[in-house]
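Source file: input.cif (mmCIF, C-alpha atoms and all ligand atoms)
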```cif
data_upload
#
loop_
_atom_site.label_atom_id
_atom_site.label_comp_id
_atom_site.auth_asym_id
_atom_site.auth_seq_id
_atom_site.Cartn_x
_atom_site.Cartn_y
_atom_site.Cartn_z
CA VAL A 1 3.30 24.75 -22.62
CA THR A 2 6.22 22.30 -22.62
CA GLU A 3 6.07 20.09 -25.69
CA GLY A 4 6.08 16.37 -25.23
CA PHE A 5 3.71 13.88 -23.76
CA SER A 6 4.63 10.91 -21.62
CA PRO A 7 1.77 8.39 -21.30
CA GLY A 8 1.42 7.46 -17.65
CA LEU A 9 3.79 10.37 -16.87
CA GLU A 10 6.61 7.86 -17.28
CA ASN A 11 9.95 9.42 -16.32
CA VAL A 12 8.26 12.75 -15.53
CA VAL A 13 9.47 14.40 -12.32
CA ALA A 14 6.37 15.59 -10.47
CA ALA A 15 7.81 16.84 -7.17
CA ARG A 16 10.91 17.90 -5.33
CA THR A 17 10.88 15.85 -2.18
CA THR A 18 12.85 14.96 0.92
CA VAL A 19 10.55 12.01 1.66
CA SER A 20 11.99 9.21 -0.47
CA ALA A 21 13.51 8.15 -3.77
CA LEU A 22 14.07 4.94 -5.70
CA ASP A 23 17.80 4.83 -6.31
CA LEU A 24 18.11 2.58 -9.34
CA GLU A 25 21.89 2.70 -9.55
CA ARG A 26 22.38 1.42 -6.01
CA GLU A 27 19.19 -0.68 -6.05
CA ARG A 28 18.01 1.10 -2.95
CA ILE A 29 14.93 2.79 -1.63
CA THR A 30 16.07 5.88 0.24
CA VAL A 31 13.65 7.15 2.88
CA ARG A 32 14.67 10.47 4.40
CA GLY A 33 18.30 9.51 3.89
CA TYR A 34 18.02 5.95 5.20
CA ASP A 35 17.93 2.66 3.33
CA LEU A 36 14.38 1.35 3.71
CA ILE A 37 15.56 -2.26 3.78
CA GLU A 38 18.03 -1.53 6.57
CA LEU A 39 15.21 0.16 8.45
CA ALA A 40 13.01 -2.91 7.96
CA ARG A 41 15.78 -5.08 9.40
CA THR A 42 16.71 -2.89 12.35
CA VAL A 43 13.79 -0.78 13.58
CA HIS A 44 10.06 -1.17 13.97
CA PHE A 45 7.30 0.23 11.78
CA PRO A 46 6.32 3.03 14.22
CA ASP A 47 9.93 4.32 14.07
CA VAL A 48 9.67 4.46 10.28
CA ALA A 49 6.28 6.14 10.53
CA HIS A 50 7.81 8.74 12.85
CA LEU A 51 10.68 9.21 10.40
CA LEU A 52 8.19 9.81 7.62
CA ILE A 53 5.68 11.99 9.44
CA ARG A 54 8.00 13.93 11.73
CA GLY A 55 11.07 13.86 9.47
CA HIS A 56 13.58 12.09 11.73
CA LEU A 57 14.01 8.84 13.62
CA PRO A 58 12.64 9.24 17.13
CA ASN A 59 14.78 9.43 20.27
CA LEU A 60 13.61 7.49 23.32
CA THR A 61 11.30 10.24 24.55
CA GLU A 62 9.82 10.71 21.10
CA GLN A 63 9.38 6.96 20.72
CA ALA A 64 7.42 6.86 23.95
CA SER A 65 5.20 9.75 22.99
CA PHE A 66 4.67 8.57 19.39
CA CYS A 67 3.81 5.01 20.43
CA GLY A 68 1.67 6.44 23.23
CA ALA A 69 -0.27 8.54 20.71
CA LEU A 70 -0.70 5.55 18.38
CA GLY A 71 -2.13 3.62 21.33
CA THR A 72 -4.34 6.46 22.58
CA HIS A 73 -5.94 6.94 19.17
CA SER A 74 -6.11 3.27 18.20
CA GLY A 75 -9.82 2.96 19.00
CA LEU A 76 -12.51 4.22 16.66
CA PRO A 77 -14.90 7.04 17.48
CA GLU A 78 -18.27 5.69 18.51
CA GLY A 79 -20.58 5.53 15.52
CA VAL A 80 -18.04 4.67 12.85
CA ILE A 81 -18.58 0.93 13.15
CA ASP A 82 -22.37 1.43 13.31
CA ILE A 83 -22.23 3.16 9.94
CA LEU A 84 -19.92 0.56 8.42
CA ARG A 85 -22.26 -2.21 9.63
CA ARG A 86 -24.92 -0.79 7.32
CA LEU A 87 -22.81 -1.33 4.22
CA PRO A 88 -23.92 -4.26 2.06
CA ARG A 89 -22.22 -7.50 3.06
CA GLU A 90 -20.54 -7.79 -0.32
CA THR A 91 -18.61 -4.54 0.21
CA SER A 92 -14.91 -5.32 -0.17
CA ALA A 93 -12.55 -4.76 2.75
CA MET A 94 -10.75 -2.11 0.73
CA ASP A 95 -13.97 -0.20 0.01
CA THR A 96 -14.90 -0.51 3.68
CA LEU A 97 -11.53 0.96 4.66
CA ARG A 98 -11.86 3.77 2.10
CA THR A 99 -15.34 4.58 3.42
CA GLY A 100 -14.12 4.44 7.01
CA LEU A 101 -11.16 6.75 6.34
CA SER A 102 -13.58 9.20 4.80
CA LEU A 103 -15.98 8.94 7.74
CA LEU A 104 -13.21 9.74 10.21
CA ALA A 105 -12.93 13.25 8.76
CA GLY A 106 -16.32 13.91 10.28
CA TRP A 107 -14.92 13.25 13.74
CA GLU A 108 -12.16 15.86 13.39
CA ASP A 109 -12.79 19.35 14.67
CA PRO A 110 -13.68 21.29 11.47
CA HIS A 111 -11.03 23.94 12.26
CA VAL A 112 -8.35 21.32 12.77
CA LEU A 113 -9.52 19.51 9.63
CA ALA A 114 -9.07 22.68 7.58
CA GLU A 115 -5.69 23.58 9.12
CA HIS A 116 -2.77 22.83 6.77
CA SER A 117 0.26 23.65 8.90
CA PRO A 118 2.81 20.84 9.21
CA GLU A 119 1.97 20.53 12.94
CA ALA A 120 -1.78 20.17 12.31
CA ASN A 121 -1.20 17.72 9.48
CA GLU A 122 1.20 15.68 11.64
CA ALA A 123 -1.37 15.44 14.43
CA LYS A 124 -4.07 14.30 11.99
CA ALA A 125 -1.67 11.87 10.32
CA ILE A 126 -0.92 10.19 13.64
CA ARG A 127 -4.62 9.82 14.43
CA LEU A 128 -5.30 8.33 10.99
CA LEU A 129 -2.34 5.98 11.22
CA ALA A 130 -3.42 4.87 14.69
CA ARG A 131 -6.96 4.10 13.55
CA GLY A 132 -6.08 2.24 10.36
CA PRO A 133 -5.75 -1.23 11.96
CA SER A 134 -9.03 -1.03 13.86
CA LEU A 135 -10.82 0.39 10.83
CA THR A 136 -9.45 -2.43 8.67
CA ALA A 137 -10.08 -5.33 11.02
CA ASN A 138 -13.22 -4.14 12.80
CA GLY A 139 -14.72 -2.73 9.60
CA TRP A 140 -14.30 -6.15 8.05
CA ARG A 141 -15.73 -7.81 11.16
CA ALA A 142 -18.70 -5.43 11.08
CA ILE A 143 -19.42 -6.22 7.42
CA HIS A 144 -19.42 -9.93 8.31
CA ALA A 145 -21.66 -9.37 11.35
CA GLN A 146 -18.92 -10.45 13.72
CA PRO A 147 -18.23 -8.82 17.08
CA THR A 148 -15.53 -6.16 17.01
CA LEU A 149 -12.37 -6.26 19.13
CA GLU A 150 -10.57 -3.61 21.13
CA PRO A 151 -7.03 -2.79 20.00
CA ASN A 152 -4.27 -4.00 22.30
CA PRO A 153 -1.52 -1.35 22.10
CA GLY A 154 0.54 -3.30 24.64
CA LEU A 155 1.34 -5.72 21.80
CA GLY A 156 2.92 -2.93 19.73
CA PHE A 157 1.53 -1.55 16.47
CA ALA A 158 2.15 -4.68 14.38
CA GLY A 159 1.14 -7.02 17.21
CA SER A 160 -2.10 -5.18 17.95
CA PHE A 161 -2.90 -5.06 14.23
CA LEU A 162 -2.49 -8.87 13.95
CA TRP A 163 -4.49 -9.35 17.13
CA LEU A 164 -7.35 -7.29 15.68
CA ILE A 165 -7.25 -9.31 12.46
CA GLN A 166 -6.92 -12.76 14.00
CA GLY A 167 -8.61 -12.37 17.37
CA ARG A 168 -5.92 -14.35 19.17
CA ALA A 169 -2.57 -13.59 20.75
CA PRO A 170 -0.25 -13.34 17.75
CA ASP A 171 2.80 -15.54 17.36
CA PRO A 172 5.95 -13.37 17.89
CA GLU A 173 7.55 -14.56 14.65
CA ALA A 174 4.42 -13.65 12.71
CA VAL A 175 4.48 -10.22 14.37
CA SER A 176 8.08 -9.72 13.29
CA THR A 177 7.27 -10.67 9.68
CA PHE A 178 4.19 -8.45 9.75
CA ASP A 179 6.20 -5.53 11.11
CA ARG A 180 8.63 -5.87 8.18
CA VAL A 181 5.74 -6.01 5.75
CA LEU A 182 4.44 -2.74 7.20
CA THR A 183 7.85 -1.09 6.84
CA CYS A 184 8.25 -2.34 3.27
CA TYR A 185 4.87 -0.83 2.45
CA ALA A 186 5.33 2.42 4.39
CA GLU A 187 6.66 4.55 1.54
CA HIS A 188 7.64 4.21 -2.09
CA GLU A 189 8.25 7.56 -3.72
CA MET A 190 5.68 8.69 -6.33
CA ALA A 191 3.48 5.60 -6.54
CA ALA A 192 0.11 6.22 -8.21
CA SER A 193 -1.63 6.42 -4.82
CA THR A 194 0.87 8.96 -3.50
CA PHE A 195 0.54 11.03 -6.63
CA ALA A 196 -3.26 10.94 -6.27
CA ALA A 197 -2.89 12.16 -2.67
CA ARG A 198 -0.50 14.95 -3.66
CA VAL A 199 -2.87 16.13 -6.39
CA VAL A 200 -5.73 16.33 -3.87
CA ALA A 201 -3.48 17.97 -1.27
CA SER A 202 -2.38 20.55 -3.84
CA THR A 203 -5.93 21.91 -3.94
CA MET A 204 -5.48 22.55 -0.21
CA ALA A 205 -8.19 20.00 0.52
CA ASP A 206 -7.62 18.20 3.81
CA LEU A 207 -5.35 15.28 4.66
CA TYR A 208 -8.30 12.91 5.01
CA GLY A 209 -9.43 13.58 1.44
CA ALA A 210 -5.90 13.04 0.18
CA VAL A 211 -5.59 9.73 2.05
CA VAL A 212 -9.00 8.60 0.75
CA ALA A 213 -7.82 9.35 -2.81
CA ALA A 214 -4.67 7.32 -2.17
CA CYS A 215 -6.78 4.45 -0.85
CA ALA A 216 -8.97 4.52 -3.96
CA ALA A 217 -5.87 4.37 -6.17
CA LEU A 218 -4.20 1.65 -4.14
CA LYS A 219 -7.12 -0.72 -4.64
CA GLY A 220 -6.30 -1.27 -8.31
CA PRO A 221 -4.75 -4.60 -9.33
CA LEU A 222 -1.91 -2.75 -11.09
CA HIS A 223 -0.99 -1.22 -7.72
CA GLY A 224 -1.76 -2.49 -4.20
CA GLY A 225 -4.27 -5.09 -5.31
CA ALA A 226 -1.39 -7.14 -6.73
CA ASN A 227 -0.57 -8.70 -3.33
CA GLU A 228 -4.00 -10.35 -3.15
CA ALA A 229 -3.67 -11.61 -6.71
CA ALA A 230 -0.23 -13.05 -5.92
CA ALA A 231 -1.56 -14.97 -2.91
CA ARG A 232 -4.49 -16.34 -4.91
CA MET A 233 -2.03 -17.50 -7.54
CA PHE A 234 0.05 -19.39 -4.96
CA ALA A 235 -3.08 -20.99 -3.53
CA GLU A 236 -4.06 -22.09 -7.06
CA ILE A 237 -0.58 -23.46 -7.82
CA ARG A 238 -0.62 -25.40 -4.53
CA MET A 239 -3.94 -26.94 -5.50
CA ARG A 240 -2.50 -27.98 -8.84
CA GLY A 241 0.42 -29.74 -7.17
CA GLY A 242 2.79 -27.03 -5.91
CA ALA A 243 6.28 -26.44 -7.29
CA ALA A 244 5.91 -29.24 -9.85
CA ALA A 245 2.92 -27.43 -11.39
CA ALA A 246 4.27 -23.88 -11.10
CA GLU A 247 6.11 -23.58 -14.40
CA ALA A 248 3.16 -24.93 -16.41
CA TYR A 249 0.86 -22.50 -14.56
CA VAL A 250 3.00 -19.48 -15.46
CA MET A 251 3.39 -20.57 -19.09
CA GLU A 252 -0.35 -21.11 -19.39
CA GLN A 253 -1.07 -17.62 -18.03
CA LEU A 254 1.47 -16.00 -20.33
CA TRP A 255 0.18 -17.88 -23.39
CA GLN A 256 -3.28 -16.65 -22.56
CA GLY A 257 -1.90 -13.11 -22.51
CA HIS A 258 -2.36 -12.63 -18.76
CA ARG A 259 0.03 -10.73 -16.55
CA ILE A 260 1.47 -12.42 -13.53
CA MET A 261 0.66 -10.17 -10.61
CA GLY A 262 3.62 -9.36 -8.39
CA PHE A 263 6.03 -8.97 -11.31
CA GLY A 264 7.19 -5.84 -13.09
CA HIS A 265 7.35 -2.29 -11.94
CA ARG A 266 7.17 1.03 -13.77
CA VAL A 267 10.44 2.24 -12.26
CA TYR A 268 12.50 -0.90 -11.83
CA MET A 269 10.95 -3.02 -14.56
CA ARG A 270 14.06 -5.08 -15.27
CA ARG A 271 15.72 -4.89 -11.85
CA PRO A 272 15.00 -6.59 -8.54
CA ASP A 273 12.77 -4.70 -6.11
CA PRO A 274 14.85 -4.45 -2.89
CA ARG A 275 11.72 -5.10 -0.80
CA ALA A 276 11.14 -8.34 -2.66
CA VAL A 277 14.70 -9.43 -1.93
CA LEU A 278 14.21 -8.79 1.81
CA MET A 279 10.81 -10.44 1.92
CA LYS A 280 12.13 -13.52 0.11
CA GLU A 281 14.53 -13.95 3.06
CA GLU A 282 11.51 -13.71 5.32
CA LEU A 283 9.78 -16.40 3.26
CA ASP A 284 12.85 -18.64 3.55
CA ALA A 285 12.73 -18.25 7.33
CA LEU A 286 9.02 -19.15 7.37
CA ALA A 287 9.76 -22.18 5.15
CA GLU A 288 12.35 -23.48 7.61
CA ARG A 289 9.75 -23.71 10.32
CA ASP A 290 6.79 -25.05 8.39
CA PRO A 291 6.58 -27.69 5.61
CA GLU A 292 3.45 -26.11 4.14
CA ALA A 293 5.34 -22.81 3.83
CA ARG A 294 8.23 -24.77 2.27
CA ALA A 295 5.90 -26.10 -0.44
CA HIS A 296 4.73 -22.57 -1.29
CA VAL A 297 8.23 -21.12 -1.26
CA ASP A 298 9.43 -23.87 -3.61
CA ALA A 299 6.62 -22.88 -5.97
CA TYR A 300 7.57 -19.21 -5.54
CA GLU A 301 11.09 -19.98 -6.74
CA VAL A 302 9.83 -21.80 -9.83
CA VAL A 303 7.44 -18.93 -10.66
CA ALA A 304 10.22 -16.36 -10.24
CA ALA A 305 12.71 -18.35 -12.35
CA THR A 306 10.12 -18.89 -15.09
CA MET A 307 9.26 -15.20 -15.24
CA GLU A 308 12.91 -14.20 -15.35
CA ARG A 309 13.53 -16.65 -18.19
CA GLU A 310 10.38 -15.85 -20.18
CA LYS A 311 9.96 -12.10 -19.61
CA GLY A 312 13.14 -10.87 -17.93
CA LEU A 313 10.96 -9.67 -15.05
CA TYR A 314 11.67 -9.84 -11.31
CA PRO A 315 9.25 -10.09 -8.41
CA ASN A 316 8.08 -6.79 -6.97
CA ALA A 317 7.25 -6.44 -3.26
CA ASP A 318 3.72 -7.74 -3.71
CA LEU A 319 4.77 -11.24 -4.73
CA PRO A 320 6.61 -12.27 -1.53
CA ILE A 321 4.45 -10.08 0.68
CA GLY A 322 1.26 -11.64 -0.68
CA LEU A 323 2.67 -15.08 0.10
CA ALA A 324 4.08 -14.05 3.49
CA LEU A 325 0.77 -12.55 4.62
CA MET A 326 -1.02 -15.72 3.53
CA LEU A 327 1.45 -17.88 5.45
CA ILE A 328 1.08 -15.90 8.68
CA GLY A 329 -2.68 -16.25 8.46
CA VAL A 330 -3.91 -12.84 7.31
CA PRO A 331 -7.12 -13.25 5.25
CA VAL A 332 -6.48 -12.39 1.60
CA GLU A 333 -9.21 -9.71 1.50
CA LEU A 334 -7.23 -7.73 4.05
CA PHE A 335 -3.89 -7.66 2.22
CA THR A 336 -4.47 -4.42 0.34
CA PRO A 337 -6.04 -2.71 3.36
CA VAL A 338 -2.95 -3.72 5.37
CA PHE A 339 -0.83 -2.14 2.63
CA MET A 340 -2.92 1.03 2.87
CA CYS A 341 -2.63 1.23 6.64
CA ALA A 342 1.16 1.18 6.35
CA ARG A 343 1.19 3.59 3.42
CA ILE A 344 -0.79 6.18 5.42
CA ALA A 345 2.59 7.10 6.92
CA GLY A 346 4.23 7.78 3.55
CA VAL A 347 1.20 9.44 2.03
CA ALA A 348 0.86 11.74 5.03
CA ALA A 349 4.53 12.70 4.73
CA HIS A 350 3.92 13.70 1.11
CA VAL A 351 0.78 15.65 1.97
CA ILE A 352 2.61 17.52 4.74
CA GLU A 353 5.42 18.35 2.32
CA GLN A 354 3.05 19.35 -0.48
CA GLN A 355 1.00 21.69 1.67
CA ALA A 356 4.02 23.27 3.35
CA ASP A 357 5.14 24.65 -0.02
CA ASN A 358 2.20 24.20 -2.33
CA ARG A 359 1.69 24.61 -6.01
CA LEU A 360 -1.57 23.34 -7.49
CA TYR A 361 -1.14 20.35 -9.80
CA ARG A 362 -2.72 21.38 -13.06
CA PRO A 363 -1.16 19.79 -16.14
CA ARG A 364 -2.28 20.37 -19.73
CA VAL A 365 -3.50 17.98 -22.44
CA HIS A 366 -2.68 17.24 -26.00
CA TYR A 367 -6.18 17.49 -27.47
CA VAL A 368 -6.73 15.03 -30.32
CA GLY A 369 -10.54 15.32 -30.66
CA PRO A 370 -12.55 17.14 -33.33
CA GLU A 371 -13.17 20.89 -33.36
CA ASP A 372 -15.89 23.30 -34.52
CA LEU A 373 -18.60 20.64 -34.79
CA PRO A 374 -22.13 21.75 -35.69
CA PRO A 375 -25.00 20.17 -33.68
CA PRO A 376 -26.12 16.82 -35.19
CA ASP A 377 -29.11 16.98 -37.60
CA GLY A 378 -32.40 17.27 -35.80
CA PHE A 379 -30.72 17.84 -32.43
CA ALA A 380 -32.84 19.65 -29.84
CA PRO A 381 -31.93 20.48 -26.21
CA SER A 382 -33.15 17.85 -23.76
CA ALA A 383 -36.10 18.62 -21.57
CA CYS A 384 -34.30 17.99 -18.27
C1 LIG A 401 3.40 -2.57 -12.50
C2 LIG A 401 3.07 -2.49 -13.99
C3 LIG A 401 1.65 -1.93 -14.16
C4 LIG A 401 4.05 -1.57 -14.68
O1 LIG A 401 3.69 -1.58 -15.99
P1 LIG A 401 4.19 -0.53 -17.10
O2 LIG A 401 5.29 0.30 -16.61
O3 LIG A 401 2.98 0.18 -17.58
O4 LIG A 401 4.82 -1.50 -18.17
P2 LIG A 401 4.13 -2.15 -19.41
O5 LIG A 401 2.72 -2.50 -19.10
O6 LIG A 401 4.38 -1.26 -20.56
O7 LIG A 401 4.97 -3.51 -19.54
C5 LIG A 401 6.21 -3.62 -20.22
C6 LIG A 401 6.36 -5.05 -20.73
O8 LIG A 401 6.47 -5.94 -19.64
C7 LIG A 401 5.38 -6.87 -19.63
N1 LIG A 401 4.91 -7.03 -18.26
C8 LIG A 401 4.94 -6.09 -17.31
N2 LIG A 401 4.48 -6.59 -16.17
C9 LIG A 401 4.15 -7.87 -16.43
C10 LIG A 401 3.62 -8.91 -15.65
N3 LIG A 401 3.34 -8.70 -14.36
N4 LIG A 401 3.40 -10.11 -16.20
C11 LIG A 401 3.69 -10.32 -17.51
N5 LIG A 401 4.20 -9.37 -18.30
C12 LIG A 401 4.43 -8.16 -17.77
C13 LIG A 401 4.32 -6.23 -20.50
O9 LIG A 401 3.46 -7.18 -21.08
C14 LIG A 401 5.17 -5.55 -21.52
O10 LIG A 401 5.66 -6.52 -22.41
P3 LIG A 401 5.77 -6.22 -23.95
O11 LIG A 401 6.75 -5.08 -24.06
O12 LIG A 401 6.24 -7.50 -24.53
O13 LIG A 401 4.39 -5.82 -24.37
C15 LIG A 401 3.15 -3.90 -14.62
O14 LIG A 401 4.45 -4.41 -14.47
C16 LIG A 401 2.12 -4.86 -14.08
O15 LIG A 401 0.98 -4.88 -14.55
N6 LIG A 401 2.50 -5.70 -13.06
C17 LIG A 401 1.57 -6.58 -12.43
C18 LIG A 401 0.84 -5.84 -11.32
C19 LIG A 401 1.71 -5.61 -10.13
O16 LIG A 401 2.42 -6.49 -9.68
N7 LIG A 401 1.62 -4.38 -9.60
C20 LIG A 401 2.35 -4.00 -8.40
C21 LIG A 401 3.43 -3.04 -8.75
S1 LIG A 401 4.43 -2.72 -7.30
#
```
Could you show the structure in this file as C-alpha cells?
Amino acid sequence: VTEGFSPGLENVVAARTTVSALDLERERITVRGYDLIELARTVHFPDVAHLLIRGHLPNLTEQASFCGALGTHSGLPEGVIDILRRLPRETSAMDTLRTGLSLLAGWEDPHVLAEHSPEANEAKAIRLLARGPSLTANGWRAIHAQPTLEPNPGLGFAGSFLWLIQGRAPDPEAVSTFDRVLTCYAEHEMAASTFAARVVASTMADLYGAVVAACAALKGPLHGGANEAAARMFAEIRMRGGAAAAEAYVMEQLWQGHRIMGFGHRVYMRRPDPRAVLMKEELDALAERDPEARAHVDAYEVVAATMEREKGLYPNADLPIGLALMLIGVPVELFTPVFMCARIAGVAAHVIEQQADNRLYRPRVHYVGPEDLPPPDGFAPSAC
C-alpha cells in the first residue's frame, strides 16, 4: 500500500485520460486537444458533445447524423412521465432528473444495457444526451401538474431545450448564451461527479448507473448546486439595492462564516476559471441590451472585486452562469439539471474510456478506529 493520505484526494491522479485536462499554467481547459473556451466561441454544443463521445469534431456528414440522432431520441419513452408525475410535488428538479435518468435504463434492451463496448456505450450516451432536456423540462412540468411539451429539434439542441423549459419560441440571443453555457458545462476533467461515474463504471455496471451516480454528486452545493446558490444571491442583492448593497452583503456573509457560492475551486483556487472569464463577456453583452441585466452585472462586479480583495478568490463558472441563466429566464430550480444535461456528454466520454480499458477503483483506508474490542457489558444479539 502506498503511504500517504490526501483528504479529498487532492492532487491525486486517478486516471490516464484523453478526454480533458485543466491546464493551470496556460489557464486553459483542454478537451480532446482543443481549448474549451475556443470551442464555446466557435462551435455549437452538439459538436462538443460529438467531440467528447466520439472522440473528434464531426465532419458535415457526421454533424447531420449526430444532430439527427439527438432529434430522433429527444422524446421520452411512453410511461416515463407517468411515473415522474407520481413523485411528491416537493421533489426537486434535480431529484426528478436523477430518477428519470435511472428510469430510462429500463427502456434499454437489457443486452444493449449490459454491453460495454465503446460503440454500445456511444449509442446509449447519445440517447441519454438527447433525452436530458425533455426529462428535465417535462419532468419538472409533470411534478407541477403542467402539460408536457414535445421537443422541437428544428430549433437545435440548445433552442429546443429552451423551448421545452419556457414553452415559447426562444429569443436567438438567449439560445446563443444557453448554447455557450452548455459547452462550458460539457466537461471538466475529474470533477466529483465524473469521478463518481468512473468509480461506478469501473465495476462494469452500465452507463446509466454511472450517469445517475454523477447526477447524485452534481446536486451538492459544493459542486453543481453552486449555480443556483449564485443566482439566489444576486436576486437577494438586487432586493437590497443592487450594486450599492453588494459589498456589504458579501462582508456580512463572510463575517458570518458563510462561503460565497460561485467562488473557489479545488484545482484553480487562486486563479481565474476560464469559463467564468468567457461567461462574464456573455453577461456584459446581456447588460448592454437590458438595464435590469446591467444592474445585476454591476452587482456581480462588486461581489467579484470584494471576494478578490477579502479572500483572493475568483469566480468559478457557476457565478456568471447562474446569473446568465437567470437573466435569460431559466427557472432557478432547473440550473443544476441543465448543468447535468450538458455534463452527460463529458461523463459518458469518461465512462466509455474507463470501460474500454478498465481497472476497478478500489482504494485503501488509513484505519484510525479502535481494535480488538470486547462486546459491551450485558450485550446480547438482537432478536431481529
Ligand atoms: C469548490 C470548493 C468546495 C473547493 O474547496 P476546497 O478545495 O475544499 O478548499 P477549502 O474548502 O479548503 O478552501 C480553502 C480556503 O478558501 C476559502 N474558500 C474557498 N471557497 C470559498 C468560498 N466560496 N467562499 C469563501 N471562502 C472560500 C476557505 O474558507 C478556505 O479558507 P481558509 O484557508 O481561510 O480556511 C470551495 O471553493 C467552495 O466551497 N466553493 C463554493 C461552492 C462552489 O462554488 N462550487 C462550485 C465549484 S466549480
At a cut-off of 10 Å, using only C-alpha atoms, what residues contact range 64-70 of chain A? Leave out same-chain residues fewer than 2 positions from it and give the result as a ChimeraX atom specification. /A:46-47,49-50,54,58-62,72-75,123,126-131,153-154,156-157
Find the residues near ligand LIG 401 (chain A). Use a cut-off of 6 Å, count only C-alpha atoms and all ligand atoms, and write them as a PyMOL selection string. chain A and resi 222-223+226+259-266+316
Preceding selection exported with C-alpha atoms as a short mmCIF file (atom, residue, chain, number, x, y, z; two decimals), keeping the file's coordinate frame:
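The resulting file, part10.cif, is shown below:
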```
data_model
loop_
_atom_site.label_atom_id
_atom_site.label_comp_id
_atom_site.auth_asym_id
_atom_site.auth_seq_id
_atom_site.Cartn_x
_atom_site.Cartn_y
_atom_site.Cartn_z
CA LEU A 222 -1.91 -2.75 -11.09
CA HIS A 223 -0.99 -1.22 -7.72
CA ALA A 226 -1.39 -7.14 -6.73
CA ARG A 259 0.03 -10.73 -16.55
CA ILE A 260 1.47 -12.42 -13.53
CA MET A 261 0.66 -10.17 -10.61
CA GLY A 262 3.62 -9.36 -8.39
CA PHE A 263 6.03 -8.97 -11.31
CA GLY A 264 7.19 -5.84 -13.09
CA HIS A 265 7.35 -2.29 -11.94
CA ARG A 266 7.17 1.03 -13.77
CA ASN A 316 8.08 -6.79 -6.97
#
```
Contacts of Leu286 in chain A within 12 Å, only C-alpha atoms, excl. fewer than 2 positions in-chain, as a PDB file with C-alpha atoms, keeping the file's coordinate frame:
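Okay, this is what ended up in result.pdb:
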```
ATOM      1  CA  GLU A 173       7.550 -14.560  14.650  1.00  0.00           C
ATOM      2  CA  ALA A 174       4.420 -13.650  12.710  1.00  0.00           C
ATOM      3  CA  SER A 176       8.080  -9.720  13.290  1.00  0.00           C
ATOM      4  CA  THR A 177       7.270 -10.670   9.680  1.00  0.00           C
ATOM      5  CA  PHE A 178       4.190  -8.450   9.750  1.00  0.00           C
ATOM      6  CA  MET A 279      10.810 -10.440   1.920  1.00  0.00           C
ATOM      7  CA  LYS A 280      12.130 -13.520   0.110  1.00  0.00           C
ATOM      8  CA  GLU A 281      14.530 -13.950   3.060  1.00  0.00           C
ATOM      9  CA  GLU A 282      11.510 -13.710   5.320  1.00  0.00           C
ATOM     10  CA  LEU A 283       9.780 -16.400   3.260  1.00  0.00           C
ATOM     11  CA  ASP A 284      12.850 -18.640   3.550  1.00  0.00           C
ATOM     12  CA  GLU A 288      12.350 -23.480   7.610  1.00  0.00           C
ATOM     13  CA  ARG A 289       9.750 -23.710  10.320  1.00  0.00           C
ATOM     14  CA  ASP A 290       6.790 -25.050   8.390  1.00  0.00           C
ATOM     15  CA  PRO A 291       6.580 -27.690   5.610  1.00  0.00           C
ATOM     16  CA  GLU A 292       3.450 -26.110   4.140  1.00  0.00           C
ATOM     17  CA  ALA A 293       5.340 -22.810   3.830  1.00  0.00           C
ATOM     18  CA  ARG A 294       8.230 -24.770   2.270  1.00  0.00           C
ATOM     19  CA  ALA A 295       5.900 -26.100  -0.440  1.00  0.00           C
ATOM     20  CA  HIS A 296       4.730 -22.570  -1.290  1.00  0.00           C
ATOM     21  CA  VAL A 297       8.230 -21.120  -1.260  1.00  0.00           C
ATOM     22  CA  ASP A 298       9.430 -23.870  -3.610  1.00  0.00           C
ATOM     23  CA  PRO A 320       6.610 -12.270  -1.530  1.00  0.00           C
ATOM     24  CA  LEU A 323       2.670 -15.080   0.100  1.00  0.00           C
ATOM     25  CA  ALA A 324       4.080 -14.050   3.490  1.00  0.00           C
ATOM     26  CA  LEU A 325       0.770 -12.550   4.620  1.00  0.00           C
ATOM     27  CA  MET A 326      -1.020 -15.720   3.530  1.00  0.00           C
ATOM     28  CA  LEU A 327       1.450 -17.880   5.450  1.00  0.00           C
ATOM     29  CA  ILE A 328       1.080 -15.900   8.680  1.00  0.00           C
TER      30      ILE A 328
END
```
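Between CA of Tyr208 in chain A and CA of Ala105 in chain A there is a distance of 6.0 Å.
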A:Met190, A:Ala345, A:Ala196, A:Ile143: which is nearest Thr17 in chain A, counting all atoms listed in the file? A:Met190
So that I can check the surroundings of Glu38 in chain A, please list as a CSV table (one decimal) with C-alpha atoms, in the coordinates of the input every protein, DNA and RNA residue that reaches within 10 Å of it, counting only C-alpha atoms and ignoring chain neighbours fewer than 3 positions away.
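Once written, out.csv looks like this:
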```csv
chain,number,residue,atom,x,y,z
A,28,ARG,CA,18.0,1.1,-3.0
A,29,ILE,CA,14.9,2.8,-1.6
A,30,THR,CA,16.1,5.9,0.2
A,34,TYR,CA,18.0,6.0,5.2
A,35,ASP,CA,17.9,2.7,3.3
A,41,ARG,CA,15.8,-5.1,9.4
A,42,THR,CA,16.7,-2.9,12.4
A,43,VAL,CA,13.8,-0.8,13.6
A,278,LEU,CA,14.2,-8.8,1.8
```
Go ahead and compute the interatomic distance for CA of Ala158 in chain A and CA of Asp179 in chain A, in Å to one decimal. 5.3 Å
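Residues in contact with range 76-86 of chain A at 9 Å, where only C-alpha atoms are counted and same-chain residues fewer than 5 positions away are skipped, are listed as Thr96, Thr99, Gly100, Leu103, Leu104, Trp107, Arg131, Ser134, Leu135, Asn138, Gly139, Trp140, Arg141, Ala142, Ile143, His144, Ala145 and Thr148 of chain A.
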